[in-house]
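Below: my_file_7.pdb (PDB, C-alpha atoms and all ligand atoms)
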MODEL        1
ATOM      1  CA  MET A   1     143.928 276.126 113.450  1.00  0.00           C
ATOM      2  CA  GLU A   2     144.875 275.572 117.102  1.00  0.00           C
ATOM      3  CA  PHE A   3     145.907 278.741 118.865  1.00  0.00           C
ATOM      4  CA  SER A   4     145.454 279.980 122.426  1.00  0.00           C
ATOM      5  CA  HIS A   5     146.543 283.595 121.877  1.00  0.00           C
ATOM      6  CA  ILE A   6     145.916 286.127 119.144  1.00  0.00           C
ATOM      7  CA  PHE A   7     148.262 289.123 118.904  1.00  0.00           C
ATOM      8  CA  PHE A   8     146.871 292.241 117.262  1.00  0.00           C
ATOM      9  CA  ASP A   9     148.807 295.115 115.782  1.00  0.00           C
ATOM     10  CA  ALA A  10     147.216 298.436 116.780  1.00  0.00           C
ATOM     11  CA  ASP A  11     147.928 301.336 114.367  1.00  0.00           C
ATOM     12  CA  ASP A  12     145.850 300.910 111.202  1.00  0.00           C
ATOM     13  CA  THR A  13     144.696 297.473 112.363  1.00  0.00           C
ATOM     14  CA  LEU A  14     142.525 298.459 115.355  1.00  0.00           C
ATOM     15  CA  TRP A  15     142.455 302.229 114.883  1.00  0.00           C
ATOM     16  CA  GLU A  16     143.242 304.811 112.219  1.00  0.00           C
ATOM     17  CA  ASN A  17     146.759 306.202 112.388  1.00  0.00           C
ATOM     18  CA  GLU A  18     148.597 306.665 109.125  1.00  0.00           C
ATOM     19  CA  ARG A  19     146.071 309.061 107.644  1.00  0.00           C
ATOM     20  CA  PHE A  20     146.749 311.512 110.503  1.00  0.00           C
ATOM     21  CA  PHE A  21     150.484 311.329 109.730  1.00  0.00           C
ATOM     22  CA  ARG A  22     149.670 312.009 106.066  1.00  0.00           C
ATOM     23  CA  GLU A  23     147.703 315.087 107.079  1.00  0.00           C
ATOM     24  CA  ALA A  24     150.659 316.234 109.211  1.00  0.00           C
ATOM     25  CA  GLU A  25     152.960 315.681 106.230  1.00  0.00           C
ATOM     26  CA  GLU A  26     150.716 317.854 104.047  1.00  0.00           C
ATOM     27  CA  HIS A  27     150.851 320.636 106.644  1.00  0.00           C
ATOM     28  CA  PHE A  28     154.640 320.324 106.810  1.00  0.00           C
ATOM     29  CA  ILE A  29     154.945 320.552 103.007  1.00  0.00           C
ATOM     30  CA  LYS A  30     152.787 323.692 103.084  1.00  0.00           C
ATOM     31  CA  LEU A  31     154.885 325.190 105.888  1.00  0.00           C
ATOM     32  CA  LEU A  32     158.093 324.731 103.879  1.00  0.00           C
ATOM     33  CA  SER A  33     156.577 325.616 100.490  1.00  0.00           C
ATOM     34  CA  GLY A  34     158.584 328.869 100.333  1.00  0.00           C
ATOM     35  CA  TYR A  35     161.853 326.912 100.301  1.00  0.00           C
ATOM     36  CA  THR A  36     161.334 324.143  97.728  1.00  0.00           C
ATOM     37  CA  GLY A  37     158.676 322.131  95.858  1.00  0.00           C
ATOM     38  CA  PRO A  38     156.412 319.554  97.547  1.00  0.00           C
ATOM     39  CA  GLU A  39     158.355 316.522  96.307  1.00  0.00           C
ATOM     40  CA  GLY A  40     161.640 317.935  97.601  1.00  0.00           C
ATOM     41  CA  VAL A  41     160.144 318.597 101.046  1.00  0.00           C
ATOM     42  CA  GLN A  42     158.580 315.131 101.182  1.00  0.00           C
ATOM     43  CA  GLN A  43     161.769 313.310 100.157  1.00  0.00           C
ATOM     44  CA  MET A  44     163.837 315.303 102.651  1.00  0.00           C
ATOM     45  CA  LEU A  45     161.365 314.405 105.422  1.00  0.00           C
ATOM     46  CA  TRP A  46     161.405 310.692 104.540  1.00  0.00           C
ATOM     47  CA  ASP A  47     165.215 310.653 104.462  1.00  0.00           C
ATOM     48  CA  ARG A  48     165.562 312.383 107.842  1.00  0.00           C
ATOM     49  CA  GLN A  49     162.882 310.078 109.306  1.00  0.00           C
ATOM     50  CA  GLU A  50     164.786 306.965 108.233  1.00  0.00           C
ATOM     51  CA  GLU A  51     167.920 308.335 109.934  1.00  0.00           C
ATOM     52  CA  ASN A  52     166.148 309.080 113.203  1.00  0.00           C
ATOM     53  CA  ILE A  53     164.051 305.917 113.635  1.00  0.00           C
ATOM     54  CA  PRO A  54     167.026 303.658 114.551  1.00  0.00           C
ATOM     55  CA  LEU A  55     168.135 306.238 117.133  1.00  0.00           C
ATOM     56  CA  PHE A  56     164.820 307.300 118.646  1.00  0.00           C
ATOM     57  CA  GLY A  57     162.276 304.629 117.655  1.00  0.00           C
ATOM     58  CA  TYR A  58     158.807 305.127 116.211  1.00  0.00           C
ATOM     59  CA  GLY A  59     156.189 307.741 117.001  1.00  0.00           C
ATOM     60  CA  SER A  60     155.457 311.441 116.786  1.00  0.00           C
ATOM     61  CA  LYS A  61     158.455 312.632 118.857  1.00  0.00           C
ATOM     62  CA  THR A  62     160.801 311.068 116.304  1.00  0.00           C
ATOM     63  CA  TYR A  63     158.600 312.563 113.610  1.00  0.00           C
ATOM     64  CA  MET A  64     159.147 316.003 115.135  1.00  0.00           C
ATOM     65  CA  ILE A  65     162.941 315.549 115.127  1.00  0.00           C
ATOM     66  CA  GLY A  66     162.804 314.383 111.505  1.00  0.00           C
ATOM     67  CA  MET A  67     160.718 317.433 110.545  1.00  0.00           C
ATOM     68  CA  ALA A  68     163.091 319.803 112.353  1.00  0.00           C
ATOM     69  CA  ASP A  69     166.150 318.191 110.694  1.00  0.00           C
ATOM     70  CA  ALA A  70     164.514 318.359 107.258  1.00  0.00           C
ATOM     71  CA  ALA A  71     163.426 321.976 107.780  1.00  0.00           C
ATOM     72  CA  MET A  72     166.883 322.990 109.029  1.00  0.00           C
ATOM     73  CA  GLU A  73     168.430 321.621 105.857  1.00  0.00           C
ATOM     74  CA  LEU A  74     165.808 323.192 103.584  1.00  0.00           C
ATOM     75  CA  CYS A  75     166.259 326.553 105.341  1.00  0.00           C
ATOM     76  CA  GLY A  76     170.018 326.498 104.725  1.00  0.00           C
ATOM     77  CA  GLY A  77     171.146 325.695 108.274  1.00  0.00           C
ATOM     78  CA  ARG A  78     169.169 328.434 110.083  1.00  0.00           C
ATOM     79  CA  LEU A  79     165.749 327.393 111.348  1.00  0.00           C
ATOM     80  CA  PRO A  80     163.377 330.396 111.668  1.00  0.00           C
ATOM     81  CA  SER A  81     161.296 330.375 114.857  1.00  0.00           C
ATOM     82  CA  ASP A  82     157.993 330.485 112.922  1.00  0.00           C
ATOM     83  CA  ILE A  83     158.993 327.269 111.127  1.00  0.00           C
ATOM     84  CA  TYR A  84     160.053 325.592 114.390  1.00  0.00           C
ATOM     85  CA  TYR A  85     156.797 326.530 116.149  1.00  0.00           C
ATOM     86  CA  GLY A  86     154.855 325.569 113.022  1.00  0.00           C
ATOM     87  CA  ILE A  87     156.400 322.096 113.240  1.00  0.00           C
ATOM     88  CA  LYS A  88     155.626 321.887 116.955  1.00  0.00           C
ATOM     89  CA  LYS A  89     151.975 322.719 116.278  1.00  0.00           C
ATOM     90  CA  ILE A  90     151.744 320.063 113.545  1.00  0.00           C
ATOM     91  CA  VAL A  91     153.050 317.417 115.954  1.00  0.00           C
ATOM     92  CA  THR A  92     150.872 318.639 118.849  1.00  0.00           C
ATOM     93  CA  ASP A  93     147.784 318.417 116.607  1.00  0.00           C
ATOM     94  CA  LEU A  94     148.899 314.922 115.604  1.00  0.00           C
ATOM     95  CA  ALA A  95     149.081 313.815 119.249  1.00  0.00           C
ATOM     96  CA  CYS A  96     145.574 315.136 119.967  1.00  0.00           C
ATOM     97  CA  HIS A  97     143.700 313.990 116.882  1.00  0.00           C
ATOM     98  CA  GLU A  98     140.199 312.567 117.262  1.00  0.00           C
ATOM     99  CA  PHE A  99     140.142 308.823 117.858  1.00  0.00           C
ATOM    100  CA  SER A 100     138.730 306.589 115.163  1.00  0.00           C
ATOM    101  CA  LEU A 101     138.415 302.790 115.383  1.00  0.00           C
ATOM    102  CA  ILE A 102     138.620 300.683 112.225  1.00  0.00           C
ATOM    103  CA  ASP A 103     135.190 299.468 111.153  1.00  0.00           C
ATOM    104  CA  GLY A 104     134.174 296.109 112.683  1.00  0.00           C
ATOM    105  CA  VAL A 105     136.920 295.988 115.343  1.00  0.00           C
ATOM    106  CA  GLU A 106     134.668 295.966 118.429  1.00  0.00           C
ATOM    107  CA  GLU A 107     132.350 293.189 117.189  1.00  0.00           C
ATOM    108  CA  THR A 108     135.339 291.084 116.065  1.00  0.00           C
ATOM    109  CA  LEU A 109     137.172 291.403 119.394  1.00  0.00           C
ATOM    110  CA  GLY A 110     133.947 290.784 121.307  1.00  0.00           C
ATOM    111  CA  THR A 111     133.422 287.487 119.480  1.00  0.00           C
ATOM    112  CA  LEU A 112     137.034 286.287 119.642  1.00  0.00           C
ATOM    113  CA  GLN A 113     137.467 287.221 123.310  1.00  0.00           C
ATOM    114  CA  GLU A 114     135.265 284.276 124.276  1.00  0.00           C
ATOM    115  CA  HIS A 115     137.663 281.789 122.685  1.00  0.00           C
ATOM    116  CA  TYR A 116     141.173 283.260 122.808  1.00  0.00           C
ATOM    117  CA  THR A 117     143.507 285.354 124.946  1.00  0.00           C
ATOM    118  CA  LEU A 118     143.765 288.602 123.009  1.00  0.00           C
ATOM    119  CA  VAL A 119     146.920 290.722 123.284  1.00  0.00           C
ATOM    120  CA  VAL A 120     147.800 294.010 121.584  1.00  0.00           C
ATOM    121  CA  ALA A 121     151.295 293.801 120.064  1.00  0.00           C
ATOM    122  CA  THR A 122     152.302 297.230 118.852  1.00  0.00           C
ATOM    123  CA  LYS A 123     155.603 299.023 118.408  1.00  0.00           C
ATOM    124  CA  GLY A 124     156.478 302.625 119.081  1.00  0.00           C
ATOM    125  CA  ASP A 125     156.614 305.142 121.851  1.00  0.00           C
ATOM    126  CA  VAL A 126     155.307 303.659 125.119  1.00  0.00           C
ATOM    127  CA  THR A 127     153.553 306.839 126.349  1.00  0.00           C
ATOM    128  CA  GLU A 128     151.920 307.409 122.988  1.00  0.00           C
ATOM    129  CA  GLN A 129     150.780 303.821 122.461  1.00  0.00           C
ATOM    130  CA  MET A 130     149.458 303.499 126.019  1.00  0.00           C
ATOM    131  CA  SER A 131     147.534 306.745 125.623  1.00  0.00           C
ATOM    132  CA  LYS A 132     145.917 305.476 122.412  1.00  0.00           C
ATOM    133  CA  TYR A 133     145.120 302.128 124.041  1.00  0.00           C
ATOM    134  CA  ARG A 134     143.382 303.859 126.961  1.00  0.00           C
ATOM    135  CA  ARG A 135     141.489 306.220 124.664  1.00  0.00           C
ATOM    136  CA  SER A 136     140.421 303.396 122.335  1.00  0.00           C
ATOM    137  CA  GLY A 137     137.909 301.887 124.752  1.00  0.00           C
ATOM    138  CA  LEU A 138     139.213 298.442 123.694  1.00  0.00           C
ATOM    139  CA  GLU A 139     140.920 297.516 126.979  1.00  0.00           C
ATOM    140  CA  LYS A 140     137.999 295.307 128.012  1.00  0.00           C
ATOM    141  CA  TYR A 141     138.663 292.933 125.126  1.00  0.00           C
ATOM    142  CA  PHE A 142     142.392 292.483 125.714  1.00  0.00           C
ATOM    143  CA  HIS A 143     144.374 290.631 128.330  1.00  0.00           C
ATOM    144  CA  HIS A 144     147.054 293.347 128.041  1.00  0.00           C
ATOM    145  CA  ILE A 145     149.135 295.418 125.643  1.00  0.00           C
ATOM    146  CA  GLU A 146     152.750 294.769 124.621  1.00  0.00           C
ATOM    147  CA  VAL A 147     154.589 297.844 123.332  1.00  0.00           C
ATOM    148  CA  MET A 148     157.440 296.187 121.448  1.00  0.00           C
ATOM    149  CA  GLU A 149     160.816 297.780 120.810  1.00  0.00           C
ATOM    150  CA  ASN A 150     160.482 296.804 117.147  1.00  0.00           C
ATOM    151  CA  LYS A 151     158.861 294.006 115.150  1.00  0.00           C
ATOM    152  CA  THR A 152     161.827 291.961 113.971  1.00  0.00           C
ATOM    153  CA  GLU A 153     162.087 288.157 114.076  1.00  0.00           C
ATOM    154  CA  LYS A 154     164.052 288.465 117.326  1.00  0.00           C
ATOM    155  CA  ASN A 155     161.288 290.592 118.886  1.00  0.00           C
ATOM    156  CA  TYR A 156     158.634 288.023 117.895  1.00  0.00           C
ATOM    157  CA  LEU A 157     160.691 285.154 119.341  1.00  0.00           C
ATOM    158  CA  GLU A 158     160.922 287.118 122.600  1.00  0.00           C
ATOM    159  CA  LEU A 159     157.180 287.769 122.488  1.00  0.00           C
ATOM    160  CA  ALA A 160     156.449 284.056 122.073  1.00  0.00           C
ATOM    161  CA  ALA A 161     158.835 283.090 124.905  1.00  0.00           C
ATOM    162  CA  LYS A 162     157.289 285.682 127.218  1.00  0.00           C
ATOM    163  CA  HIS A 163     153.891 284.017 126.775  1.00  0.00           C
ATOM    164  CA  ASP A 164     155.259 280.440 127.035  1.00  0.00           C
ATOM    165  CA  LEU A 165     154.437 279.806 123.399  1.00  0.00           C
ATOM    166  CA  GLU A 166     156.478 278.002 120.786  1.00  0.00           C
ATOM    167  CA  PRO A 167     157.143 280.225 117.738  1.00  0.00           C
ATOM    168  CA  HIS A 168     154.748 278.090 115.616  1.00  0.00           C
ATOM    169  CA  GLN A 169     151.980 278.974 118.097  1.00  0.00           C
ATOM    170  CA  LEU A 170     152.263 282.688 117.276  1.00  0.00           C
ATOM    171  CA  LEU A 171     149.217 284.102 115.521  1.00  0.00           C
ATOM    172  CA  MET A 172     149.536 287.754 114.536  1.00  0.00           C
ATOM    173  CA  VAL A 173     146.897 289.994 112.944  1.00  0.00           C
ATOM    174  CA  GLY A 174     148.039 293.237 111.344  1.00  0.00           C
ATOM    175  CA  ASN A 175     148.072 295.588 108.391  1.00  0.00           C
ATOM    176  CA  SER A 176     151.821 295.838 107.776  1.00  0.00           C
ATOM    177  CA  VAL A 177     153.452 293.169 105.600  1.00  0.00           C
ATOM    178  CA  ARG A 178     156.897 294.255 106.779  1.00  0.00           C
ATOM    179  CA  SER A 179     156.149 294.364 110.516  1.00  0.00           C
ATOM    180  CA  ASP A 180     153.185 292.076 111.181  1.00  0.00           C
ATOM    181  CA  ILE A 181     153.473 289.377 108.515  1.00  0.00           C
ATOM    182  CA  VAL A 182     157.004 288.652 107.210  1.00  0.00           C
ATOM    183  CA  PRO A 183     158.895 288.336 110.543  1.00  0.00           C
ATOM    184  CA  VAL A 184     156.097 286.197 112.038  1.00  0.00           C
ATOM    185  CA  ILE A 185     156.169 283.809 109.075  1.00  0.00           C
ATOM    186  CA  ASN A 186     159.974 283.695 109.183  1.00  0.00           C
ATOM    187  CA  VAL A 187     159.974 282.429 112.775  1.00  0.00           C
ATOM    188  CA  GLY A 188     157.370 279.755 111.960  1.00  0.00           C
ATOM    189  CA  GLY A 189     154.170 281.512 113.071  1.00  0.00           C
ATOM    190  CA  THR A 190     150.946 282.317 111.234  1.00  0.00           C
ATOM    191  CA  ALA A 191     149.862 285.790 110.164  1.00  0.00           C
ATOM    192  CA  ILE A 192     146.595 287.354 109.100  1.00  0.00           C
ATOM    193  CA  ASN A 193     146.899 290.475 107.001  1.00  0.00           C
ATOM    194  CA  THR A 194     144.165 293.095 107.251  1.00  0.00           C
ATOM    195  CA  PRO A 195     145.335 295.544 104.591  1.00  0.00           C
ATOM    196  CA  HIS A 196     144.778 299.261 105.107  1.00  0.00           C
ATOM    197  CA  ASP A 197     144.471 301.579 102.117  1.00  0.00           C
ATOM    198  CA  VAL A 198     147.059 304.033 103.503  1.00  0.00           C
ATOM    199  CA  VAL A 199     150.537 302.514 103.922  1.00  0.00           C
ATOM    200  CA  TRP A 200     153.544 304.336 105.377  1.00  0.00           C
ATOM    201  CA  VAL A 201     156.439 304.318 102.896  1.00  0.00           C
ATOM    202  CA  HIS A 202     158.691 302.872 105.663  1.00  0.00           C
ATOM    203  CA  GLU A 203     156.419 299.806 105.951  1.00  0.00           C
ATOM    204  CA  MET A 204     156.082 299.003 102.239  1.00  0.00           C
ATOM    205  CA  MET A 205     157.087 295.473 101.237  1.00  0.00           C
ATOM    206  CA  ASP A 206     155.837 292.813  98.805  1.00  0.00           C
ATOM    207  CA  MET A 207     153.782 289.991 100.282  1.00  0.00           C
ATOM    208  CA  PRO A 208     155.734 286.690 100.293  1.00  0.00           C
ATOM    209  CA  GLU A 209     154.162 283.368  99.270  1.00  0.00           C
ATOM    210  CA  SER A 210     153.228 281.205 102.259  1.00  0.00           C
ATOM    211  CA  ASP A 211     150.418 278.897 103.296  1.00  0.00           C
ATOM    212  CA  ARG A 212     150.728 280.478 106.770  1.00  0.00           C
ATOM    213  CA  ILE A 213     149.528 283.855 105.538  1.00  0.00           C
ATOM    214  CA  ILE A 214     145.829 284.659 105.347  1.00  0.00           C
ATOM    215  CA  VAL A 215     144.724 287.908 103.730  1.00  0.00           C
ATOM    216  CA  VAL A 216     141.269 289.222 104.561  1.00  0.00           C
ATOM    217  CA  GLU A 217     139.468 292.260 103.249  1.00  0.00           C
ATOM    218  CA  LYS A 218     137.929 293.395 106.551  1.00  0.00           C
ATOM    219  CA  ILE A 219     138.948 292.630 110.128  1.00  0.00           C
ATOM    220  CA  LYS A 220     135.576 291.001 110.848  1.00  0.00           C
ATOM    221  CA  ASP A 221     136.425 288.347 108.193  1.00  0.00           C
ATOM    222  CA  ILE A 222     139.089 286.851 110.500  1.00  0.00           C
ATOM    223  CA  VAL A 223     136.318 285.324 112.624  1.00  0.00           C
ATOM    224  CA  ASN A 224     135.533 282.928 109.725  1.00  0.00           C
ATOM    225  CA  PHE A 225     139.053 281.519 109.928  1.00  0.00           C
ATOM    226  CA  LEU A 226     139.344 281.346 113.703  1.00  0.00           C
ATOM    227  CA  LEU A 227     135.996 279.964 114.922  1.00  0.00           C
TER     228      LEU A 227
HETATM  229 MG    MG B 301     149.936 298.844 111.865  1.00  0.00          MG
ENDMDL
END

Output the structure of this file as structure tokens.
Ligand SMILES: [Mg+2]
Amino acid sequence: MEFSHIFFDADDTLWENERFFREAEEHFIKLLSGYTGPEGVQQMLWDRQEENIPLFGYGSKTYMIGMADAAMELCGGRLPSDIYYGIKKIVTDLACHEFSLIDGVEETLGTLQEHYTLVVATKGDVTEQMSKYRRSGLEKYFHHIEVMENKTEKNYLELAAKHDLEPHQLLMVGNSVRSDIVPVINVGGTAINTPHDVVWVHEMMDMPESDRIIVVEKIKDIVNFLL
């Protein structure tokens, strides 16, 4: 394979993310347990999240709005202050969670850095993603970070153009089939999937058939395909 750049997703590809959101969700379900059962709270949260993402994008601020909307509905249109502040604490804890890199990331980036221009290509809230990037200690391996508006085919075409690459020269590594694999393949690029055992319901999608998709078990396995 002939590539000059490798684009890496960040959340659940370079560092743990989704499991902290799952913990937050569990705390939210507990907080609202006096109003309805766990499945009802969870479904209400997912539904309100899906409504808010197109308006406010990805990240914990949107998560907070979704939680407040869901709680308001579950509380019959009057949100008690203890529930509101409970939600705020859940989201504050989420923003300050301990940082945890995915196993093998540093050695993989260290090896690939010698041969490729490495770029982080993540989506979400700029402040939040930049903060995680700084805290990760991975800046030394990357040329820079791109915080994308979303990860649609259009966004990947713009990403390629920005780096003077043809779409077929895009090489993306990531855990999400919906965001990191399918749109990249659809514009003619190549994608390496590093599956993570915790998948956000919003990102769930079946893997398509393509000879431009490589699935590896661990991130360090990508070195075998690229060097
Ligand atoms: Mg991800």

If the PyMOL selection byres (((not hetatm)) within 12 of (chain B and resi 301)) is run on the structure shown, which residues does it catch, given as a count of residues only? 43

Which residues are close to region 137-145 of chain A, i.e. within 10 Å by all atoms listed in the file, leaving aside same-chain residues fewer than 2 positions away? Reply as a ChimeraX atom specification. /A:5-10,14,101,105-106,108-114,116-122,129-130,132-135,147-148

Between CA of Cys96 (chain A) and CA of Ser60 (chain A), distance in Å (one decimal): 11.0 Å

I'd like to know which of A:Ala95, A:Val182, A:Ile222, A:Ala191 is closest to Met205 (chain A), using all atoms listed in the file. A:Val182

Would you translate the PyMOL selection byres (((chain A and resi 62) around 10) and not hetatm) into the concrete set of residues it matches in this file, as a ChimeraX atom specification? /A:48-61,63-68,124-125

Reference answer for the PyMOL selection byres (((chain A and resi 225) around 10) and not hetatm), as a ChimeraX atom specification: /A:1,192,214,216,221-224,226-227

With only C-alpha atoms as the basis for distance, which of A:Lys218, A:Lys154, A:His27, A:His115 is at the shortest distance from Ile90 (chain A)? A:His27

Please provide as a count of residues only all residues within 12 Å of Ile87 (chain A), with the sequence filter that same-chain residues fewer than 4 positions apart are discarded (counting only C-alpha atoms). 30
